[in-house]
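Participant: Have a peek at upload.pdb (PDB, C-alpha atoms).
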```pdb
ATOM      1  CA  MET W  31     -26.536  14.832  12.512
ATOM      2  CA  SER W  32     -28.705  12.085  13.915
ATOM      3  CA  GLU W  33     -27.167   9.386  16.083
ATOM      4  CA  LYS W  34     -27.737   6.572  13.613
ATOM      5  CA  THR W  35     -25.808   3.589  14.904
ATOM      6  CA  ASP W  36     -27.511   0.756  13.049
ATOM      7  CA  PHE W  37     -25.693  -0.109   9.838
ATOM      8  CA  SER W  38     -26.861  -2.795   7.430
ATOM      9  CA  PRO W  39     -25.194  -6.215   7.453
ATOM     10  CA  ALA W  40     -24.020  -5.476   3.899
ATOM     11  CA  TYR W  41     -22.061  -2.481   5.205
ATOM     12  CA  TYR W  42     -20.125  -4.691   7.610
ATOM     13  CA  LYS W  43     -19.746  -7.392   4.940
ATOM     14  CA  VAL W  44     -18.114  -4.979   2.462
ATOM     15  CA  ILE W  45     -15.597  -3.888   5.092
ATOM     16  CA  LYS W  46     -14.877  -7.511   6.038
ATOM     17  CA  VAL W  47     -14.403  -8.619   2.416
ATOM     18  CA  ILE W  48     -12.035  -5.729   1.622
ATOM     19  CA  ASP W  49     -10.047  -6.169   4.837
ATOM     20  CA  THR W  50      -9.763  -9.925   4.268
ATOM     21  CA  PHE W  51      -8.566  -9.316   0.703
ATOM     22  CA  THR W  52      -5.991  -6.808   1.945
ATOM     23  CA  GLU W  53      -4.860  -9.126   4.726
ATOM     24  CA  TRP W  54      -4.353 -11.979   2.250
ATOM     25  CA  THR W  55      -2.642  -9.913  -0.469
ATOM     26  CA  GLY W  56      -0.460  -8.096   2.049
ATOM     27  CA  LYS W  57       0.796 -11.339   3.539
ATOM     28  CA  THR W  58       1.336 -12.763   0.057
ATOM     29  CA  VAL W  59       3.391  -9.718  -0.976
ATOM     30  CA  ALA W  60       5.569 -10.256   2.096
ATOM     31  CA  PHE W  61       7.010 -13.323   0.364
ATOM     32  CA  VAL W  62       8.920 -10.925  -1.904
ATOM     33  CA  CYS W  63      11.316 -10.782   1.059
ATOM     34  CA  VAL W  64      12.575 -14.254   0.136
ATOM     35  CA  PRO W  65      13.956 -13.449  -3.342
ATOM     36  CA  LEU W  66      15.126 -10.079  -2.008
ATOM     37  CA  ALA W  67      17.131 -11.733   0.773
ATOM     38  CA  LEU W  68      18.503 -14.355  -1.623
ATOM     39  CA  THR W  69      19.564 -11.666  -4.091
ATOM     40  CA  VAL W  70      21.395  -9.661  -1.432
ATOM     41  CA  PHE W  71      22.915 -12.839   0.003
ATOM     42  CA  TRP W  72      24.233 -13.892  -3.407
ATOM     43  CA  GLU W  73      25.700 -10.449  -4.059
ATOM     44  CA  VAL W  74      27.546 -10.569  -0.724
ATOM     45  CA  VAL W  75      28.851 -14.076  -1.455
ATOM     46  CA  ALA W  76      29.909 -13.104  -4.987
ATOM     47  CA  ARG W  77      31.729  -9.965  -3.819
ATOM     48  CA  SER W  78      33.259 -11.309  -0.624
ATOM     49  CA  PHE W  79      34.161 -14.886  -1.477
ATOM     50  CA  LEU W  80      34.312 -15.011  -5.262
ATOM     51  CA  GLY W  81      35.817 -11.558  -5.688
ATOM     52  CA  GLN W  82      33.358 -10.613  -8.391
ATOM     53  CA  ALA W  83      30.217  -8.514  -8.183
ATOM     54  CA  THR W  84      27.162  -9.434 -10.216
ATOM     55  CA  THR W  85      25.757  -7.214 -12.954
ATOM     56  CA  TRP W  86      22.179  -7.813 -11.839
ATOM     57  CA  ALA W  87      21.936  -8.036  -8.029
ATOM     58  CA  TYR W  88      21.990  -4.301  -7.299
ATOM     59  CA  GLU W  89      19.169  -3.563  -9.693
ATOM     60  CA  LEU W  90      17.128  -6.623  -8.812
ATOM     61  CA  SER W  91      17.430  -5.873  -5.084
ATOM     62  CA  TYR W  92      16.170  -2.305  -5.374
ATOM     63  CA  MET W  93      13.384  -3.425  -7.704
ATOM     64  CA  LEU W  94      12.279  -6.162  -5.304
ATOM     65  CA  TYR W  95      12.441  -3.766  -2.369
ATOM     66  CA  SER W  96      10.359  -1.270  -4.349
ATOM     67  CA  VAL W  97       7.775  -3.955  -5.076
ATOM     68  CA  LEU W  98       7.692  -4.922  -1.410
ATOM     69  CA  PHE W  99       7.340  -1.311  -0.293
ATOM     70  CA  MET W 100       4.753  -0.304  -2.887
ATOM     71  CA  LEU W 101       2.570  -3.409  -2.814
ATOM     72  CA  GLY W 102       2.721  -3.505   0.979
ATOM     73  CA  ALA W 103       1.287   0.005   1.320
ATOM     74  CA  HIS W 104      -2.338  -1.146   1.323
ATOM     75  CA  TYR W 105      -1.545  -3.655   4.083
ATOM     76  CA  ALA W 106       0.090  -0.866   6.099
ATOM     77  CA  LEU W 107      -3.077   1.217   5.600
ATOM     78  CA  LEU W 108      -5.180  -1.659   6.950
ATOM     79  CA  ARG W 109      -2.916  -1.987   9.990
ATOM     80  CA  GLY W 110      -2.767   1.751  10.676
ATOM     81  CA  ALA W 111       0.992   1.782  10.184
ATOM     82  CA  HIS W 112       1.206   5.003   8.191
ATOM     83  CA  ILE W 113       2.588   8.109   9.832
ATOM     84  CA  ARG W 114       0.227  10.125  11.983
ATOM     85  CA  THR W 115       0.813  12.792  14.602
ATOM     86  CA  ASP W 116      -0.051  10.590  17.585
ATOM     87  CA  MET W 117       0.496  13.244  20.253
ATOM     88  CA  LEU W 118      -2.390  15.221  18.739
ATOM     89  CA  TRP W 119      -4.431  12.311  17.415
ATOM     90  CA  GLU W 120      -4.815  10.563  20.761
ATOM     91  CA  LYS W 121      -6.451  13.663  22.279
ATOM     92  CA  PHE W 122      -9.311  13.609  19.781
ATOM     93  CA  SER W 123     -12.604  11.842  20.421
ATOM     94  CA  ASP W 124     -13.431   8.831  18.264
ATOM     95  CA  ARG W 125     -16.082  10.887  16.468
ATOM     96  CA  THR W 126     -13.532  13.617  15.662
ATOM     97  CA  LYS W 127     -11.047  10.997  14.460
ATOM     98  CA  GLY W 128     -13.765   9.635  12.193
ATOM     99  CA  ARG W 129     -14.486  13.090  10.782
ATOM    100  CA  ILE W 130     -10.820  13.886  10.168
ATOM    101  CA  ASP W 131     -10.189  10.542   8.494
ATOM    102  CA  PHE W 132     -13.389  10.654   6.457
ATOM    103  CA  TYR W 133     -12.703  14.082   4.981
ATOM    104  CA  ALA W 134      -8.989  13.370   4.518
ATOM    105  CA  PHE W 135      -9.836  10.234   2.526
ATOM    106  CA  ILE W 136     -12.498  11.971   0.442
ATOM    107  CA  PHE W 137     -10.607  15.186  -0.337
ATOM    108  CA  LEU W 138      -6.951  14.115  -0.226
ATOM    109  CA  PHE W 139      -6.435  10.355  -0.397
ATOM    110  CA  PHE W 140      -8.860   9.370  -3.167
ATOM    111  CA  PRO W 141      -7.999  12.258  -5.517
ATOM    112  CA  GLY W 142      -4.291  11.604  -4.954
ATOM    113  CA  MET W 143      -4.612   7.886  -5.669
ATOM    114  CA  ILE W 144      -6.712   8.535  -8.772
ATOM    115  CA  LEU W 145      -4.085  10.967 -10.076
ATOM    116  CA  LEU W 146      -1.295   8.506  -9.236
ATOM    117  CA  PHE W 147      -3.142   5.752 -11.059
ATOM    118  CA  GLY W 148      -3.749   7.881 -14.166
ATOM    119  CA  ALA W 149      -0.176   9.108 -14.420
ATOM    120  CA  SER W 150       1.419   5.757 -13.642
ATOM    121  CA  VAL W 151      -0.719   3.745 -16.079
ATOM    122  CA  GLU W 152       0.465   6.009 -18.878
ATOM    123  CA  ASP W 153       4.070   5.704 -17.724
ATOM    124  CA  ALA W 154       3.907   1.892 -17.461
ATOM    125  CA  TRP W 155       2.249   1.593 -20.858
ATOM    126  CA  ARG W 156       4.840   3.880 -22.463
ATOM    127  CA  ALA W 157       7.647   1.819 -20.902
ATOM    128  CA  PHE W 158       6.047  -1.346 -22.279
ATOM    129  CA  THR W 159       5.447  -0.070 -25.808
ATOM    130  CA  MET W 160       8.906   1.507 -26.053
ATOM    131  CA  GLY W 161      10.682  -1.465 -24.527
ATOM    132  CA  GLU W 162      12.247   0.930 -22.012
ATOM    133  CA  ARG W 163      15.258  -0.472 -20.206
ATOM    134  CA  SER W 164      17.155   0.613 -17.134
ATOM    135  CA  ASP W 165      20.450   2.454 -17.478
ATOM    136  CA  GLN W 166      21.575   1.722 -13.902
ATOM    137  CA  THR W 167      23.703  -1.346 -14.650
ATOM    138  CA  ALA W 168      24.968  -3.427 -17.558
ATOM    139  CA  TRP W 169      22.114  -5.866 -16.947
ATOM    140  CA  ARG W 170      19.584  -3.336 -18.355
ATOM    141  CA  PRO W 171      16.286  -5.035 -17.401
ATOM    142  CA  TYR W 172      12.977  -3.937 -18.864
ATOM    143  CA  LEU W 173      11.285  -1.305 -16.713
ATOM    144  CA  TRP W 174       7.641  -1.950 -17.536
ATOM    145  CA  PRO W 175       7.183  -4.657 -14.856
ATOM    146  CA  MET W 176       8.531  -2.268 -12.227
ATOM    147  CA  LYS W 177       6.511   0.671 -13.531
ATOM    148  CA  SER W 178       3.371  -1.500 -13.601
ATOM    149  CA  VAL W 179       3.625  -1.926  -9.844
ATOM    150  CA  VAL W 180       2.741   1.757  -9.317
ATOM    151  CA  PRO W 181      -0.792   1.675 -10.811
ATOM    152  CA  LEU W 182      -1.396  -1.683  -9.125
ATOM    153  CA  THR W 183      -0.408  -0.066  -5.834
ATOM    154  CA  ALA W 184      -2.838   2.795  -6.484
ATOM    155  CA  VAL W 185      -5.652   0.300  -7.129
ATOM    156  CA  LEU W 186      -4.882  -1.682  -3.971
ATOM    157  CA  LEU W 187      -4.781   1.531  -1.939
ATOM    158  CA  LEU W 188      -8.087   2.681  -3.457
ATOM    159  CA  VAL W 189      -9.691  -0.634  -2.519
ATOM    160  CA  GLN W 190      -8.418  -0.504   1.063
ATOM    161  CA  GLY W 191      -9.206   3.204   1.188
ATOM    162  CA  THR W 192     -12.847   2.330   0.504
ATOM    163  CA  SER W 193     -12.884   0.168   3.620
ATOM    164  CA  GLU W 194     -11.134   2.861   5.629
ATOM    165  CA  VAL W 195     -13.576   5.581   4.567
ATOM    166  CA  MET W 196     -16.455   3.295   5.530
ATOM    167  CA  LYS W 197     -14.845   2.760   8.954
ATOM    168  CA  SER W 198     -14.388   6.519   9.282
ATOM    169  CA  TRP W 199     -18.045   7.092   8.429
ATOM    170  CA  PHE W 200     -18.957   4.559  11.116
ATOM    171  CA  ALA W 201     -16.845   6.418  13.707
ATOM    172  CA  MET W 202     -18.221   9.774  12.614
ATOM    173  CA  ARG W 203     -21.810   8.558  12.918
ATOM    174  CA  THR W 204     -21.549   6.426  16.075
ATOM    175  CA  GLY W 205     -18.768   8.078  18.060
ATOM    176  CA  ARG W 206     -17.001   4.686  18.259
ATOM    177  CA  LEU W 207     -14.044   3.444  16.272
ATOM    178  CA  PHE W 208     -14.901   0.556  13.978
ATOM    179  CA  GLU W 209     -11.774  -1.179  15.197
ATOM    180  CA  HIS W 210      -8.717  -0.197  17.142
ATOM    181  CA  LYS W 211      -5.538  -0.128  15.076
ATOM    182  CA  GLU W 212      -2.243  -0.731  16.767
ATOM    183  CA  GLY W 213      -0.268   1.218  14.192
ATOM    184  CA  GLY W 214       3.301   0.575  13.279
ATOM    185  CA  GLU W 215       3.125  -3.153  13.915
ATOM    186  CA  ILE W 216       3.014  -4.938  10.596
TER     187      ILE W 216
END
```
Please, can you express the file's structure as structure tokens?
Facilitator:
Amino acid sequence: MSEKTDFSPAYYKVIKVIDTFTEWTGKTVAFVCVPLALTVFWEVVARSFLGQATTWAYELSYMLYSVLFMLGAHYALLRGAHIRTDMLWEKFSDRTKGRIDFYAFIFLFFPGMILLFGASVEDAWRAFTMGERSDQTAWRPYLWPMKSVVPLTAVLLLVQGTSEVMKSWFAMRTGRLFEHKEGGEI
């Protein structure tokens, strides 16, 4: 492979646009913590001080946490916060890291996200058309909003994955990381 290190300005622009989008959406999704905290707070107050549990707080809290977890996954990918075997990873050269990431994204990540998207779109649509409701509590909320988060997550991960595969290609071609990720700090 030739040592091509000159990439077009458009290449860098695509990465910047995707990363900026992910940064903005990831920070926006973080605001789901506010209703989540308020829901848990109210449940504690209702149980502890009013002597009566709510019919909705348990379900709403796990749904909000699921939204936070799922829709925050693309932000975690941007920040390098997903699990990796660091004791092995740190011994690899930047070029080898680029190769491993590039092929992992192409052969594992993208096919997995495409399959997740396909399966979850069908599931969300079925939940919507059937008016599927939860059986967890007496509240029985509709499940289609929650199930719709899964294909949205797949799309967000595919978008950020595009940036990550471009960064991996850069590392594979130049022998330098596109950027250093701290990992774990989000």
Participant: Contacts of Tyr95 in chain W at 9 Å or less, counting all atoms listed in the file, minus same-chain residues fewer than 5 places along, as a VMD selection string?
Facilitator: chain W and resid 62 to 63 66 90 100
Participant: Check the smallest atom-to-atom distance from each of W:Tyr92, W:Tyr105, W:Tyr41, W:Trp155 to Ala60 in chain W using only C-alpha atoms, then report the winner.
Facilitator: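 Ranked by minimum distance to Ala60 in chain W, first place goes to W:Tyr105.
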Participant: Convert the output of the PyMOL selection byres ((chain W and resi 174-191) around 10) on the shown file into explicit residues, formatted as an MDAnalysis selection string.
Facilitator: chainID W and resid 45 48:49 51:52 55:56 93:94 96:108 135:136 139:164 171:173 192:197
Participant: When the PyMOL selection byres ((chain W and resi 118-129) around 8) is applied to the file above, which residues end up in the set, as a PyMOL selection string?
Facilitator: chain W and resi 114-117+130-133+197-207
Participant: Please determine, counting only C-alpha atoms, which residue among W:Thr85, W:Thr58, W:Ser91, W:Ser38 has the shortest atom-to-atom distance to Arg170 in chain W.
Facilitator: W:Thr85
Participant: To one decimal place, how far is CA of Pro65 in chain W from CA of Asp165 in chain W in Å?
Facilitator: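 Taking CA of Pro65 in chain W and CA of Asp165 in chain W, their separation equals 22.2 Å.
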Participant: Please, what distance in Å, to one decimal, runs between CA of Glu53 in chain W and CA of Phe37 in chain W?
Facilitator: 23.3 Å
Participant: State, in Å with one decimal place, the distance from CA of Leu138 in chain W to CA of His112 in chain W.
Facilitator: 14.8 Å
